[in-house]
Amino acid sequence: MKKSLLIFMTLMGLPLSAMAHPGHDAVGFMSGVLHPLTGLDHLLVMLAIGFWAARAPTQNRFQIPALFISFLLVGLTMGAFMGQSNIVEMGIAVSVIAMGVVLLLSAKINVVWQIALTSVFGLMHGFVHGQELILANNGLQAIIGLVLTTSVLLLIGFVLGNQKDSVGRYLQSLLVSVLTVAGAFFLIA
């Protein structure tokens, strides 16, 4: 109970809106590097995608992150040219909760759903980043920074997901809990 209260209180102190990305005074490469780290929604989903990939069947372990980054790039392009969409912001909030569910059911999700969910989540997160990074100077450098940080977050999630003992089960439970609570707050905010 004390751990749950601590997690809840920590989340209450973080930016809750899916649109909360403060501190983007940096331009170019650094703007892209910092962008996924300053929004809890993006940070959690990217860690969860990596965690999920580590728990996937061997033949899909590297396809999930590669597919996510591919569709992130497609979404970046779409967001840069199509502009603002509040529906996508709502989709980002839903993706946070959905990743909690995915981690709970990961062994039971077939490959078609893995491809669909990974593609849609990558597309949505890329779209939002594309809307915001297009305003940055040196957009190509910002995209390179964003893809680099996204790859590192996916790798961290992958390493955490490879913990198979009680630590792995604890990390999975913790991540599911944080995703669910944070996603609910994003929907309400």
# chains A, B, ... in the order shown; residues from 1 in each chain; ligands from 1
>>> residues_around(residues="Thr77 (chain A)", least_positions_apart="6", cutoff="12 Å", atoms="only C-alpha atoms", output="PyMOL selection string")
chain A and resi 70-71+83+123-134+139-140+143
>>> select_by_dssp(residues="region 1-173 of chain A", states="helix (DSSP H, G or I)", output="PyMOL selection string")
chain A and resi 2-12+29-37+40-55+58-60+63-82+86-108+111-133+139-161+166-173
>>> residues_around(residues="Ile49 (chain A)", least_positions_apart="4", cutoff="12 Å", atoms="only C-alpha atoms", output="PyMOL selection string")
chain A and resi 42-45+53-56+61-69+95-96+98-103+106+114-115+117-119+121-122+150-161+172+175-176+179
>>> atom_distance(atom1="CA of Val147 (chain A)", atom2="CA of Phe81 (chain A)")
18.5 Å
